[in-house]
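Raw contents of protein-v6.cif, mmCIF, C-alpha atoms and all ligand atoms:
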```
data_model
#
loop_
_atom_site.label_atom_id
_atom_site.label_comp_id
_atom_site.auth_asym_id
_atom_site.auth_seq_id
_atom_site.Cartn_x
_atom_site.Cartn_y
_atom_site.Cartn_z
CA MET A 23 -14.19 -56.31 -16.88
CA ARG A 24 -14.75 -59.78 -18.31
CA GLY A 25 -11.81 -62.22 -18.40
CA LYS A 26 -9.39 -61.99 -21.28
CA LEU A 27 -8.97 -58.92 -23.48
CA ARG A 28 -9.89 -59.83 -27.05
CA PHE A 29 -7.48 -58.60 -29.72
CA GLY A 30 -8.08 -57.84 -33.39
CA ILE A 31 -5.08 -57.43 -35.69
CA LEU A 32 -5.38 -54.97 -38.59
CA GLY A 33 -2.79 -55.57 -41.34
CA CYS A 34 -1.39 -59.11 -41.60
CA GLY A 35 2.13 -58.38 -42.88
CA MET A 36 5.62 -58.72 -41.43
CA VAL A 37 5.17 -56.91 -38.12
CA SER A 38 1.76 -58.42 -37.32
CA VAL A 39 3.47 -61.68 -36.33
CA TYR A 40 5.29 -59.86 -33.48
CA HIS A 41 1.92 -58.63 -32.17
CA ILE A 42 0.28 -62.02 -32.60
CA ASN A 43 3.09 -63.79 -30.72
CA ALA A 44 2.87 -61.20 -27.93
CA VAL A 45 -0.91 -61.63 -27.61
CA LEU A 46 -0.64 -65.42 -27.68
CA SER A 47 1.95 -65.36 -24.89
CA ASN A 48 -0.12 -63.17 -22.54
CA PRO A 49 -2.50 -65.10 -20.25
CA ASP A 50 -4.86 -62.10 -20.02
CA ALA A 51 -5.14 -61.67 -23.81
CA GLU A 52 -6.86 -63.60 -26.56
CA LEU A 53 -6.21 -63.37 -30.30
CA TYR A 54 -9.78 -63.04 -31.56
CA GLY A 55 -9.68 -61.99 -35.21
CA VAL A 56 -7.64 -60.55 -38.07
CA CYS A 57 -8.24 -58.29 -41.05
CA ASP A 58 -6.15 -57.18 -44.03
CA SER A 59 -7.01 -55.16 -47.12
CA SER A 60 -6.16 -58.34 -49.04
CA PHE A 61 -8.84 -60.86 -48.06
CA GLU A 62 -6.48 -63.64 -49.15
CA ASN A 63 -4.01 -62.48 -46.46
CA THR A 64 -6.83 -62.28 -43.93
CA LEU A 65 -7.93 -65.84 -44.66
CA LYS A 66 -4.38 -67.21 -44.59
CA THR A 67 -3.58 -65.61 -41.24
CA ALA A 68 -6.94 -66.54 -39.72
CA ALA A 69 -6.39 -70.15 -40.77
CA VAL A 70 -2.87 -70.31 -39.27
CA TYR A 71 -4.11 -69.16 -35.84
CA GLY A 72 -7.65 -70.53 -35.97
CA VAL A 73 -9.27 -67.12 -35.42
CA LYS A 74 -12.02 -65.06 -37.02
CA ALA A 75 -11.45 -63.58 -40.51
CA TYR A 76 -13.16 -60.20 -40.91
CA ASN A 77 -14.25 -59.14 -44.41
CA ASN A 78 -13.23 -55.56 -43.74
CA TYR A 79 -12.13 -53.20 -40.97
CA LYS A 80 -15.65 -51.88 -40.34
CA GLU A 81 -16.81 -55.40 -39.59
CA MET A 82 -13.98 -55.79 -37.04
CA LEU A 83 -14.80 -52.46 -35.41
CA ASP A 84 -18.53 -53.29 -35.29
CA ASP A 85 -17.75 -56.49 -33.40
CA GLU A 86 -18.44 -55.70 -29.75
CA LEU A 87 -16.31 -58.65 -28.69
CA ILE A 88 -13.10 -56.91 -29.82
CA ASP A 89 -11.50 -54.88 -27.00
CA VAL A 90 -8.14 -53.92 -28.50
CA VAL A 91 -7.04 -53.28 -32.10
CA CYS A 92 -3.39 -53.59 -33.15
CA VAL A 93 -2.79 -51.27 -36.10
CA CYS A 94 -0.13 -53.01 -38.22
CA THR A 95 -0.91 -51.37 -41.56
CA PRO A 96 1.48 -49.24 -43.65
CA SER A 97 2.33 -46.07 -41.72
CA GLY A 98 0.18 -43.70 -43.79
CA PHE A 99 -2.97 -45.51 -42.59
CA HIS A 100 -2.12 -45.44 -38.87
CA ALA A 101 -3.86 -42.20 -37.94
CA GLN A 102 -7.16 -42.92 -39.72
CA ASN A 103 -7.19 -46.56 -38.55
CA THR A 104 -6.60 -45.41 -34.95
CA LEU A 105 -9.25 -42.67 -34.99
CA SER A 106 -11.81 -45.13 -36.37
CA ALA A 107 -10.97 -47.67 -33.67
CA LEU A 108 -11.22 -45.06 -30.88
CA ASN A 109 -14.58 -43.90 -32.26
CA ALA A 110 -15.72 -47.53 -32.13
CA GLY A 111 -14.76 -47.72 -28.43
CA LYS A 112 -11.63 -49.85 -28.79
CA HIS A 113 -8.24 -49.50 -27.12
CA VAL A 114 -5.50 -49.18 -29.75
CA ILE A 115 -1.91 -50.32 -30.11
CA ILE A 116 -0.31 -48.49 -33.04
CA GLU A 117 2.86 -49.60 -34.74
CA LYS A 118 5.38 -46.80 -35.12
CA PRO A 119 5.09 -44.12 -36.36
CA MET A 120 1.87 -43.08 -34.65
CA ALA A 121 1.05 -40.68 -37.52
CA LEU A 122 2.89 -38.95 -40.35
CA ASN A 123 2.28 -35.39 -39.16
CA VAL A 124 1.70 -33.49 -35.93
CA GLU A 125 -1.93 -32.58 -36.73
CA ASP A 126 -2.91 -36.26 -37.01
CA ALA A 127 -0.92 -37.10 -33.86
CA ASP A 128 -2.78 -34.31 -32.01
CA ALA A 129 -6.13 -35.66 -33.22
CA ILE A 130 -5.25 -39.08 -31.76
CA VAL A 131 -4.12 -37.58 -28.44
CA SER A 132 -7.37 -35.63 -28.05
CA LEU A 133 -9.67 -38.47 -29.13
CA SER A 134 -7.89 -40.85 -26.77
CA GLU A 135 -8.49 -38.35 -23.92
CA LYS A 136 -12.11 -37.83 -24.94
CA THR A 137 -12.99 -41.51 -25.23
CA GLY A 138 -10.90 -42.59 -22.22
CA LYS A 139 -9.53 -45.45 -24.32
CA ILE A 140 -5.86 -46.40 -24.12
CA VAL A 141 -3.58 -45.64 -27.05
CA SER A 142 -0.04 -46.95 -27.00
CA VAL A 143 2.58 -46.57 -29.71
CA ILE A 144 5.07 -49.37 -30.23
CA SER A 145 8.63 -48.41 -29.35
CA GLN A 146 9.93 -51.74 -28.21
CA LEU A 147 13.52 -50.59 -27.55
CA ARG A 148 12.26 -48.86 -24.42
CA PHE A 149 11.76 -52.32 -22.92
CA THR A 150 15.37 -53.54 -23.10
CA ASP A 151 17.60 -54.13 -20.05
CA CYS A 152 20.11 -51.74 -21.59
CA TYR A 153 17.55 -48.90 -21.69
CA ALA A 154 16.46 -49.63 -18.10
CA ALA A 155 20.07 -49.54 -16.81
CA ILE A 156 20.87 -46.25 -18.54
CA ASN A 157 17.56 -44.67 -17.55
CA SER A 158 18.18 -45.59 -13.88
CA ALA A 159 21.67 -44.04 -14.02
CA LEU A 160 20.19 -40.86 -15.51
CA GLN A 161 17.48 -40.73 -12.82
CA ARG A 162 20.17 -41.11 -10.12
CA GLY A 163 22.09 -38.19 -11.63
CA ASP A 164 25.18 -40.35 -12.30
CA PHE A 165 25.98 -38.51 -15.54
CA GLY A 166 26.08 -35.08 -13.85
CA LYS A 167 24.97 -32.44 -16.31
CA ILE A 168 24.19 -33.89 -19.73
CA ILE A 169 26.44 -32.28 -22.32
CA LEU A 170 26.26 -34.19 -25.61
CA ALA A 171 24.27 -37.04 -27.14
CA ASP A 172 24.94 -38.68 -30.49
CA ILE A 173 23.01 -41.33 -32.35
CA SER A 174 24.48 -43.10 -35.35
CA MET A 175 22.17 -45.27 -37.48
CA LYS A 176 24.19 -46.18 -40.58
CA TYR A 177 21.89 -48.87 -41.89
CA HIS A 178 21.55 -50.59 -45.21
CA ARG A 179 18.37 -51.55 -47.02
CA SER A 180 18.52 -53.37 -50.35
CA LYS A 181 16.97 -52.08 -53.56
CA GLU A 182 14.44 -54.94 -53.26
CA TYR A 183 13.36 -53.75 -49.80
CA TYR A 184 11.90 -50.68 -51.51
CA SER A 185 11.04 -52.05 -54.97
CA GLY A 186 9.23 -55.09 -53.50
CA SER A 187 6.75 -52.94 -51.55
CA SER A 188 4.03 -50.63 -52.80
CA TRP A 189 4.33 -48.30 -49.80
CA ARG A 190 7.95 -48.20 -48.56
CA GLY A 191 9.88 -45.14 -49.66
CA THR A 192 6.74 -43.08 -50.46
CA TRP A 193 5.78 -39.84 -48.72
CA LYS A 194 2.11 -40.79 -48.64
CA LEU A 195 2.40 -44.17 -46.93
CA ASP A 196 5.91 -44.35 -45.39
CA GLY A 197 5.90 -40.65 -44.48
CA GLY A 198 9.69 -40.49 -44.64
CA GLY A 199 12.63 -42.84 -44.83
CA ALA A 200 15.76 -43.24 -42.69
CA LEU A 201 14.22 -40.96 -40.02
CA MET A 202 10.46 -41.66 -40.04
CA ASN A 203 10.70 -45.38 -40.70
CA GLN A 204 13.99 -46.71 -39.27
CA GLY A 205 15.30 -43.81 -37.17
CA ILE A 206 12.15 -43.20 -35.12
CA HIS A 207 13.06 -45.99 -32.68
CA SER A 208 16.30 -44.32 -31.60
CA ILE A 209 14.78 -40.84 -31.75
CA ASP A 210 12.06 -41.93 -29.33
CA LEU A 211 14.73 -43.43 -27.07
CA ILE A 212 16.85 -40.30 -26.90
CA ILE A 213 13.82 -38.07 -26.18
CA SER A 214 12.60 -40.39 -23.45
CA LEU A 215 16.09 -40.53 -21.88
CA LEU A 216 17.17 -36.89 -22.19
CA GLY A 217 13.90 -34.97 -22.44
CA ASN A 218 12.29 -32.75 -25.01
CA VAL A 219 14.13 -31.17 -27.93
CA ASN A 220 13.66 -27.42 -28.48
CA ARG A 221 15.21 -26.95 -31.86
CA THR A 222 16.77 -28.79 -34.79
CA PHE A 223 18.66 -28.16 -38.00
CA ALA A 224 18.79 -30.98 -40.55
CA PHE A 225 19.95 -32.07 -43.98
CA CYS A 226 17.77 -34.84 -45.44
CA ARG A 227 18.91 -36.29 -48.75
CA THR A 228 18.11 -39.10 -51.17
CA LEU A 229 21.59 -40.18 -52.18
CA SER A 230 21.41 -43.80 -53.30
CA HIS A 231 17.95 -45.38 -53.46
CA LYS A 232 15.35 -44.56 -56.10
CA ILE A 233 12.72 -43.48 -53.59
CA GLU A 234 10.76 -40.28 -52.84
CA VAL A 235 11.84 -39.98 -49.20
CA GLU A 236 15.26 -39.48 -47.60
CA ASP A 237 17.68 -42.40 -47.48
CA THR A 238 20.17 -40.29 -45.52
CA ALA A 239 19.88 -37.54 -42.93
CA THR A 240 22.02 -35.68 -40.48
CA ALA A 241 20.65 -33.32 -37.86
CA VAL A 242 21.77 -31.32 -34.85
CA LEU A 243 19.56 -30.96 -31.79
CA GLU A 244 19.22 -28.63 -28.84
CA PHE A 245 17.48 -30.19 -25.83
CA GLU A 246 15.32 -28.23 -23.40
CA SER A 247 17.96 -29.04 -20.76
CA GLY A 248 20.56 -27.08 -22.75
CA ALA A 249 22.40 -30.24 -23.88
CA VAL A 250 23.12 -30.58 -27.59
CA GLY A 251 23.20 -33.63 -29.81
CA SER A 252 23.41 -35.05 -33.29
CA ILE A 253 21.70 -37.74 -35.31
CA GLN A 254 22.97 -39.55 -38.38
CA ALA A 255 20.57 -41.89 -40.13
CA SER A 256 20.81 -43.74 -43.40
CA THR A 257 19.52 -46.78 -45.23
CA ALA A 258 22.18 -46.44 -47.92
CA CYS A 259 25.41 -47.28 -46.02
CA PHE A 260 26.68 -50.68 -47.17
CA PRO A 261 26.89 -53.12 -45.40
CA GLY A 262 25.10 -51.38 -42.50
CA TYR A 263 26.31 -51.00 -38.91
CA SER A 264 24.56 -51.45 -35.57
CA ARG A 265 22.96 -48.36 -34.11
CA ARG A 266 25.25 -46.61 -31.64
CA PHE A 267 24.47 -44.08 -28.92
CA GLU A 268 26.93 -41.96 -26.97
CA ILE A 269 25.53 -40.01 -24.03
CA CYS A 270 28.07 -37.80 -22.29
CA GLY A 271 27.70 -35.88 -19.05
CA ASP A 272 30.20 -33.77 -17.10
CA LYS A 273 30.51 -36.55 -14.48
CA GLY A 274 30.08 -39.69 -16.58
CA SER A 275 29.20 -41.17 -19.96
CA VAL A 276 27.97 -44.33 -21.68
CA VAL A 277 28.20 -45.83 -25.13
CA PHE A 278 25.75 -48.47 -26.23
CA SER A 279 25.13 -50.27 -29.45
CA ASP A 280 21.81 -52.00 -30.20
CA GLU A 281 20.96 -53.54 -26.80
CA ASN A 282 24.56 -53.89 -25.62
CA ILE A 283 26.49 -51.54 -23.34
CA ILE A 284 29.94 -50.89 -24.83
CA SER A 285 31.40 -48.37 -22.33
CA TRP A 286 30.12 -47.61 -18.84
CA ASP A 287 32.04 -44.67 -17.43
CA LEU A 288 29.67 -44.15 -14.52
CA PRO A 289 29.86 -45.04 -10.81
CA GLY A 290 29.62 -48.77 -10.09
CA GLU A 291 30.16 -51.86 -12.19
CA MET A 292 28.83 -52.08 -15.73
CA PRO A 293 25.32 -53.60 -15.32
CA GLN A 294 24.89 -57.11 -16.64
CA VAL A 295 22.23 -56.62 -19.31
CA SER A 296 20.93 -59.41 -21.48
CA HIS A 297 22.83 -59.14 -24.73
CA SER A 298 21.17 -59.13 -28.09
CA TYR A 299 22.67 -60.55 -31.21
CA CYS A 300 19.78 -59.25 -33.34
CA SER A 301 20.44 -56.12 -35.35
CA SER A 302 18.16 -54.67 -37.99
CA SER A 303 21.05 -52.61 -39.40
CA SER A 304 20.93 -54.49 -42.70
CA ASP A 305 17.96 -56.86 -42.27
CA PRO A 306 14.60 -55.39 -41.20
CA ARG A 307 13.41 -58.84 -40.12
CA ALA A 308 16.28 -59.30 -37.66
CA ILE A 309 14.39 -58.01 -34.64
CA GLY A 310 13.64 -60.28 -31.70
CA ASN A 311 10.08 -60.68 -30.39
CA GLU A 312 10.82 -60.25 -26.66
CA ASN A 313 10.48 -56.46 -26.53
CA HIS A 314 7.12 -56.41 -28.35
CA ILE A 315 6.02 -59.03 -25.81
CA LYS A 316 7.14 -56.81 -22.90
CA GLN A 317 5.42 -53.72 -24.32
CA ILE A 318 2.16 -55.54 -25.05
CA ASN A 319 2.29 -57.05 -21.53
CA ASP A 320 2.50 -53.49 -20.18
CA ILE A 321 -0.48 -52.38 -22.31
CA VAL A 322 -2.63 -55.35 -21.23
CA ALA A 323 -1.78 -54.60 -17.58
CA ALA A 324 -2.53 -50.88 -18.12
CA ILE A 325 -6.01 -51.67 -19.51
CA LYS A 326 -6.77 -54.10 -16.69
CA GLU A 327 -5.46 -51.72 -14.00
CA ASP A 328 -7.04 -48.64 -15.61
CA ARG A 329 -3.72 -46.76 -15.72
CA PRO A 330 -1.79 -45.21 -18.62
CA PRO A 331 0.61 -47.48 -20.51
CA LEU A 332 4.34 -46.74 -20.30
CA ILE A 333 4.22 -45.28 -23.83
CA ASP A 334 1.01 -43.32 -24.37
CA ALA A 335 -0.23 -41.15 -27.25
CA ILE A 336 1.46 -37.99 -25.92
CA GLN A 337 4.80 -39.76 -25.97
CA GLY A 338 4.14 -41.29 -29.38
CA ARG A 339 3.64 -37.76 -30.73
CA LYS A 340 7.10 -36.53 -29.64
CA PRO A 341 9.35 -38.31 -32.16
CA VAL A 342 6.85 -37.50 -34.93
CA SER A 343 7.07 -33.80 -34.06
CA LEU A 344 10.89 -33.87 -34.05
CA ILE A 345 11.15 -35.76 -37.35
CA CYS A 346 8.63 -33.44 -39.05
CA ALA A 347 10.69 -30.46 -37.81
CA MET A 348 13.81 -32.07 -39.34
CA TYR A 349 12.02 -32.38 -42.69
CA GLN A 350 10.91 -28.76 -42.49
CA SER A 351 14.44 -27.62 -41.64
CA SER A 352 15.89 -29.53 -44.56
CA VAL A 353 13.43 -27.95 -47.00
CA THR A 354 13.78 -24.39 -45.67
CA GLY A 355 17.50 -24.53 -44.90
CA LYS A 356 16.77 -23.01 -41.47
CA PRO A 357 16.64 -24.25 -37.87
CA VAL A 358 13.13 -25.14 -36.69
CA ASP A 359 11.68 -24.68 -33.18
CA ILE A 360 9.68 -27.62 -31.84
CA LYS A 361 6.72 -27.82 -29.46
CA MET A 362 6.75 -31.26 -27.84
N1 LIG B 1 8.29 -51.90 -34.40
C1 LIG B 1 9.07 -52.35 -35.37
O1 LIG B 1 10.22 -52.71 -35.17
C2 LIG B 1 8.50 -52.47 -36.76
C3 LIG B 1 9.07 -53.37 -37.66
C4 LIG B 1 8.51 -53.45 -38.94
C5 LIG B 1 7.44 -52.65 -39.29
N2 LIG B 1 6.93 -51.77 -38.39
C6 LIG B 1 5.79 -50.90 -38.76
O2 LIG B 1 4.66 -51.73 -38.97
C7 LIG B 1 3.87 -51.25 -40.05
C8 LIG B 1 3.67 -52.37 -41.07
O3 LIG B 1 4.93 -52.80 -41.55
P1 LIG B 1 5.14 -54.27 -42.18
O4 LIG B 1 6.60 -54.43 -42.32
O5 LIG B 1 4.36 -55.27 -41.42
O6 LIG B 1 4.48 -54.04 -43.63
P2 LIG B 1 3.94 -55.17 -44.64
O7 LIG B 1 3.92 -54.51 -45.97
O8 LIG B 1 4.72 -56.43 -44.44
O9 LIG B 1 2.46 -55.46 -44.13
C9 LIG B 1 1.41 -54.53 -44.21
C10 LIG B 1 0.11 -55.32 -44.33
O10 LIG B 1 -0.98 -54.40 -44.26
C11 LIG B 1 -1.91 -54.72 -45.29
N3 LIG B 1 -2.62 -53.49 -45.62
C12 LIG B 1 -2.25 -52.49 -46.45
N4 LIG B 1 -3.15 -51.51 -46.43
C13 LIG B 1 -4.12 -51.88 -45.54
C14 LIG B 1 -5.32 -51.28 -45.11
N5 LIG B 1 -5.68 -50.07 -45.50
N6 LIG B 1 -6.10 -51.98 -44.23
C15 LIG B 1 -5.73 -53.20 -43.80
N7 LIG B 1 -4.60 -53.81 -44.19
C16 LIG B 1 -3.79 -53.15 -45.04
C17 LIG B 1 -1.07 -55.28 -46.43
O11 LIG B 1 -1.84 -56.09 -47.30
C18 LIG B 1 -0.01 -56.07 -45.66
O12 LIG B 1 -0.44 -57.39 -45.41
C19 LIG B 1 4.61 -50.04 -40.60
O13 LIG B 1 4.01 -48.88 -40.11
C20 LIG B 1 6.02 -50.16 -40.06
O14 LIG B 1 6.62 -48.91 -39.82
C21 LIG B 1 7.43 -51.68 -37.14
#
```
Would you mind writing the file out in structure tokens?
Amino acid sequence: MRGKLRFGILGCGMVSVYHINAVLSNPDAELYGVCDSSFENTLKTAAVYGVKAYNNYKEMLDDELIDVVCVCTPSGFHAQNTLSALNAGKHVIIEKPMALNVEDADAIVSLSEKTGKIVSVISQLRFTDCYAAINSALQRGDFGKIILADISMKYHRSKEYYSGSSWRGTWKLDGGGALMNQGIHSIDLIISLLGNVNRTFAFCRTLSHKIEVEDTATAVLEFESGAVGSIQASTACFPGYSRRFEICGDKGSVVFSDENIISWDLPGEMPQVSHSYCSSSSDPRAIGNENHIKQINDIVAAIKEDRPPLIDAIQGRKPVSLICAMYQSSVTGKPVDIKM
């Protein structure tokens, strides 16, 4: 493989900056070009970083010099944008959620296998020290048998957060609300820590915001392991609280909030993890860049070493399948079985 991997960024909005900073900080990566459906945005971003401005996505995909595409468009475009990039022979980094339904997620998994190109879905919370410490304790069996897991995401988003965007809060382009947009981070975390979920029962409601999708949801879960759990997610709880996890086993338990460990009732001292003072509980822009940098470093290394990234397409599909099952349960009023 030639020297640096050349990156193209699709969608030059809020989250694209996190990708751009990650690419710029990686010595094996080069920011090569950008593209947005608004050519004005494309030109502005290209000028800031001194990179190529593509007239449209096809032109970026036709450029043989691009190795990796970062899909940073509104969520409803992720699946189609990713399939097009794979068909053009590119590796793809997709912002969460990978797709808005299981059929599209499956199409990405199979095309990624067929083309041999790497697909990774952003879930940057898997790269925190806090996650690593808890995952190691789980692998060592320090919790004993896992009994209960709870996630609380009582966030707040302003009216302007939804009214100022053409896509947020819509089924077609956001694909859901407190679960599919905000909650997916924590849902991915709990699946990766505790394993697949077999079944869920959920209430999804729109209680405060004038949007199509849910601003509030509560769900119960049954894990394959036999453990049970619950999820509460909202974007309507003023003023918004940090996300909180409680994972309880019959030999030990932890509580953590954002990236900080609150209680460590496990063998040994509480690990010293780097604390975070960023919380997106009431401000979606209050996320640090370090975890995107770590994930994109892993993806660059995976491409160079010809190995899967830590979060591949199969894993990106899992939270989508659970969230879609929650939506189905809420509509039907019945528990839904899940195939992960
Ligand atoms: N990982 C995270 O913590 C995180 C944080 C924020 C957003 N996101 C995800 O990133 C994605 C984008 O969110 P955002 O906050 O940057 O949105 P945004 O509205 O700020 O930016 C989206 C950009 O995409 C452009 N665009 C729209 N349709 C396009 C198309 N078809 N082709 C090319 N460009 C198009 C828009 O003009 C805009 O510049 C969403 O899927 C969101 O869920 C992830």
For range 230-240 of chain A, work out the shell of residues within 12 Å, counting only C-alpha atoms and skipping chain neighbours fewer than 6 positions away, then give it as a PDB file with C-alpha atoms, in the frame of the given file.
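Saved as around-v9.pdb:
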```pdb
ATOM      1  CA  ASP A 172      24.940 -38.680 -30.490  1.00  0.00           C
ATOM      2  CA  ILE A 173      23.010 -41.330 -32.350  1.00  0.00           C
ATOM      3  CA  SER A 174      24.480 -43.100 -35.350  1.00  0.00           C
ATOM      4  CA  MET A 175      22.170 -45.270 -37.480  1.00  0.00           C
ATOM      5  CA  LYS A 176      24.190 -46.180 -40.580  1.00  0.00           C
ATOM      6  CA  TYR A 177      21.890 -48.870 -41.890  1.00  0.00           C
ATOM      7  CA  HIS A 178      21.550 -50.590 -45.210  1.00  0.00           C
ATOM      8  CA  ARG A 179      18.370 -51.550 -47.020  1.00  0.00           C
ATOM      9  CA  SER A 180      18.520 -53.370 -50.350  1.00  0.00           C
ATOM     10  CA  LYS A 181      16.970 -52.080 -53.560  1.00  0.00           C
ATOM     11  CA  GLU A 182      14.440 -54.940 -53.260  1.00  0.00           C
ATOM     12  CA  TYR A 183      13.360 -53.750 -49.800  1.00  0.00           C
ATOM     13  CA  TYR A 184      11.900 -50.680 -51.510  1.00  0.00           C
ATOM     14  CA  SER A 185      11.040 -52.050 -54.970  1.00  0.00           C
ATOM     15  CA  SER A 187       6.750 -52.940 -51.550  1.00  0.00           C
ATOM     16  CA  SER A 188       4.030 -50.630 -52.800  1.00  0.00           C
ATOM     17  CA  TRP A 189       4.330 -48.300 -49.800  1.00  0.00           C
ATOM     18  CA  ARG A 190       7.950 -48.200 -48.560  1.00  0.00           C
ATOM     19  CA  GLY A 191       9.880 -45.140 -49.660  1.00  0.00           C
ATOM     20  CA  THR A 192       6.740 -43.080 -50.460  1.00  0.00           C
ATOM     21  CA  TRP A 193       5.780 -39.840 -48.720  1.00  0.00           C
ATOM     22  CA  LYS A 194       2.110 -40.790 -48.640  1.00  0.00           C
ATOM     23  CA  LEU A 195       2.400 -44.170 -46.930  1.00  0.00           C
ATOM     24  CA  ASP A 196       5.910 -44.350 -45.390  1.00  0.00           C
ATOM     25  CA  GLY A 197       5.900 -40.650 -44.480  1.00  0.00           C
ATOM     26  CA  GLY A 198       9.690 -40.490 -44.640  1.00  0.00           C
ATOM     27  CA  GLY A 199      12.630 -42.840 -44.830  1.00  0.00           C
ATOM     28  CA  ALA A 200      15.760 -43.240 -42.690  1.00  0.00           C
ATOM     29  CA  LEU A 201      14.220 -40.960 -40.020  1.00  0.00           C
ATOM     30  CA  MET A 202      10.460 -41.660 -40.040  1.00  0.00           C
ATOM     31  CA  ASN A 203      10.700 -45.380 -40.700  1.00  0.00           C
ATOM     32  CA  GLN A 204      13.990 -46.710 -39.270  1.00  0.00           C
ATOM     33  CA  GLY A 205      15.300 -43.810 -37.170  1.00  0.00           C
ATOM     34  CA  THR A 222      16.770 -28.790 -34.790  1.00  0.00           C
ATOM     35  CA  PHE A 223      18.660 -28.160 -38.000  1.00  0.00           C
ATOM     36  CA  ALA A 224      18.790 -30.980 -40.550  1.00  0.00           C
ATOM     37  CA  GLY A 251      23.200 -33.630 -29.810  1.00  0.00           C
ATOM     38  CA  SER A 252      23.410 -35.050 -33.290  1.00  0.00           C
ATOM     39  CA  ILE A 253      21.700 -37.740 -35.310  1.00  0.00           C
ATOM     40  CA  GLN A 254      22.970 -39.550 -38.380  1.00  0.00           C
ATOM     41  CA  ALA A 255      20.570 -41.890 -40.130  1.00  0.00           C
ATOM     42  CA  SER A 256      20.810 -43.740 -43.400  1.00  0.00           C
ATOM     43  CA  THR A 257      19.520 -46.780 -45.230  1.00  0.00           C
ATOM     44  CA  ALA A 258      22.180 -46.440 -47.920  1.00  0.00           C
ATOM     45  CA  CYS A 259      25.410 -47.280 -46.020  1.00  0.00           C
ATOM     46  CA  PHE A 260      26.680 -50.680 -47.170  1.00  0.00           C
ATOM     47  CA  ILE A 345      11.150 -35.760 -37.350  1.00  0.00           C
ATOM     48  CA  MET A 348      13.810 -32.070 -39.340  1.00  0.00           C
ATOM     49  CA  TYR A 349      12.020 -32.380 -42.690  1.00  0.00           C
ATOM     50  CA  SER A 351      14.440 -27.620 -41.640  1.00  0.00           C
ATOM     51  CA  SER A 352      15.890 -29.530 -44.560  1.00  0.00           C
ATOM     52  CA  VAL A 353      13.430 -27.950 -47.000  1.00  0.00           C
TER      53      VAL A 353
END
```
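Distances to Thr64 in chain A were evaluated for A:Val276, A:Leu32, A:Leu83, A:Val37 using all atoms listed in the file, and the minimum falls at A:Leu32.
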Pick the closest to Ile42 in chain A from A:Leu243, A:Val73, A:Ala324, A:Leu160: which is it, counting all atoms listed in the file? A:Val73
Please, which residues have at least one atom within 6 Å of an atom of ligand LIG 1 (chain B), using all atoms listed in the file, listed as JSON, numbers by chain? {"A": [32, 33, 34, 35, 36, 37, 38, 58, 59, 60, 94, 95, 96, 97, 117, 118, 144, 203]}
How would the residues just chosen look if you wrote them out with C-alpha atoms as a PDB file, in the frame of the given file?
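Saved as again.pdb:
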```
ATOM      1  CA  LEU A  32      -5.380 -54.970 -38.590  1.00  0.00           C
ATOM      2  CA  GLY A  33      -2.790 -55.570 -41.340  1.00  0.00           C
ATOM      3  CA  CYS A  34      -1.390 -59.110 -41.600  1.00  0.00           C
ATOM      4  CA  GLY A  35       2.130 -58.380 -42.880  1.00  0.00           C
ATOM      5  CA  MET A  36       5.620 -58.720 -41.430  1.00  0.00           C
ATOM      6  CA  VAL A  37       5.170 -56.910 -38.120  1.00  0.00           C
ATOM      7  CA  SER A  38       1.760 -58.420 -37.320  1.00  0.00           C
ATOM      8  CA  ASP A  58      -6.150 -57.180 -44.030  1.00  0.00           C
ATOM      9  CA  SER A  59      -7.010 -55.160 -47.120  1.00  0.00           C
ATOM     10  CA  SER A  60      -6.160 -58.340 -49.040  1.00  0.00           C
ATOM     11  CA  CYS A  94      -0.130 -53.010 -38.220  1.00  0.00           C
ATOM     12  CA  THR A  95      -0.910 -51.370 -41.560  1.00  0.00           C
ATOM     13  CA  PRO A  96       1.480 -49.240 -43.650  1.00  0.00           C
ATOM     14  CA  SER A  97       2.330 -46.070 -41.720  1.00  0.00           C
ATOM     15  CA  GLU A 117       2.860 -49.600 -34.740  1.00  0.00           C
ATOM     16  CA  LYS A 118       5.380 -46.800 -35.120  1.00  0.00           C
ATOM     17  CA  ILE A 144       5.070 -49.370 -30.230  1.00  0.00           C
ATOM     18  CA  ASN A 203      10.700 -45.380 -40.700  1.00  0.00           C
TER      19      ASN A 203
END
```
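Rounded to one decimal, CA of Val143 in chain A and CA of Ala127 in chain A lie 10.9 Å from each other.
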Enter the distance from CA of Val242 in chain A to CA of Arg221 in chain A, in Å, rounded to one decimal. 8.4 Å
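Minimum atom-to-atom distances from A:Arg307, A:His113, A:Lys74, A:Lys66 to Ile325 in chain A were compared using only C-alpha atoms, and the lowest value belongs to A:His113.
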Quick one: axis-aligned box around all listed atoms of range 164-176 of chain A, 8 Å on every side, centre and edge lengths in Å to one decimal, written as lines of an AutoDock Vina configuration file.
```
center_x = 24.3
center_y = -39.2
center_z = -26.4
size_x = 20.3
size_y = 29.9
size_z = 44.3
```
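By chain and then residue number, the residues within 8 Å of range 326-342 of chain A are Met23, Pro119, Met120, Ala121, Leu122, Asn123, Val124, Ala127, Asp128, Ile130, Val131, Ser134, Ile140, Val141, Ser142, Val143, Ile144, Ser145, Met202, Ile206, Ile209, Asp210, Ile213, Asn218, Asp320, Ile321, Val322, Cys346 and Met362 of chain A, counting only C-alpha atoms and disregarding those fewer than 4 positions away in sequence.
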Give me the residues within 12 Å of Ser301 in chain A as number ranges by chain, counting only C-alpha atoms and dropping any in the same chain fewer than 3 places off. A: 147, 175-178, 262-266, 279-282, 297-298, 304-310
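Among the candidate residues A:Cys57, A:Ala159, A:Ile318, A:Ala249, the one lying nearest to Met292 in chain A is A:Ala159, with distances computed using all atoms listed in the file.
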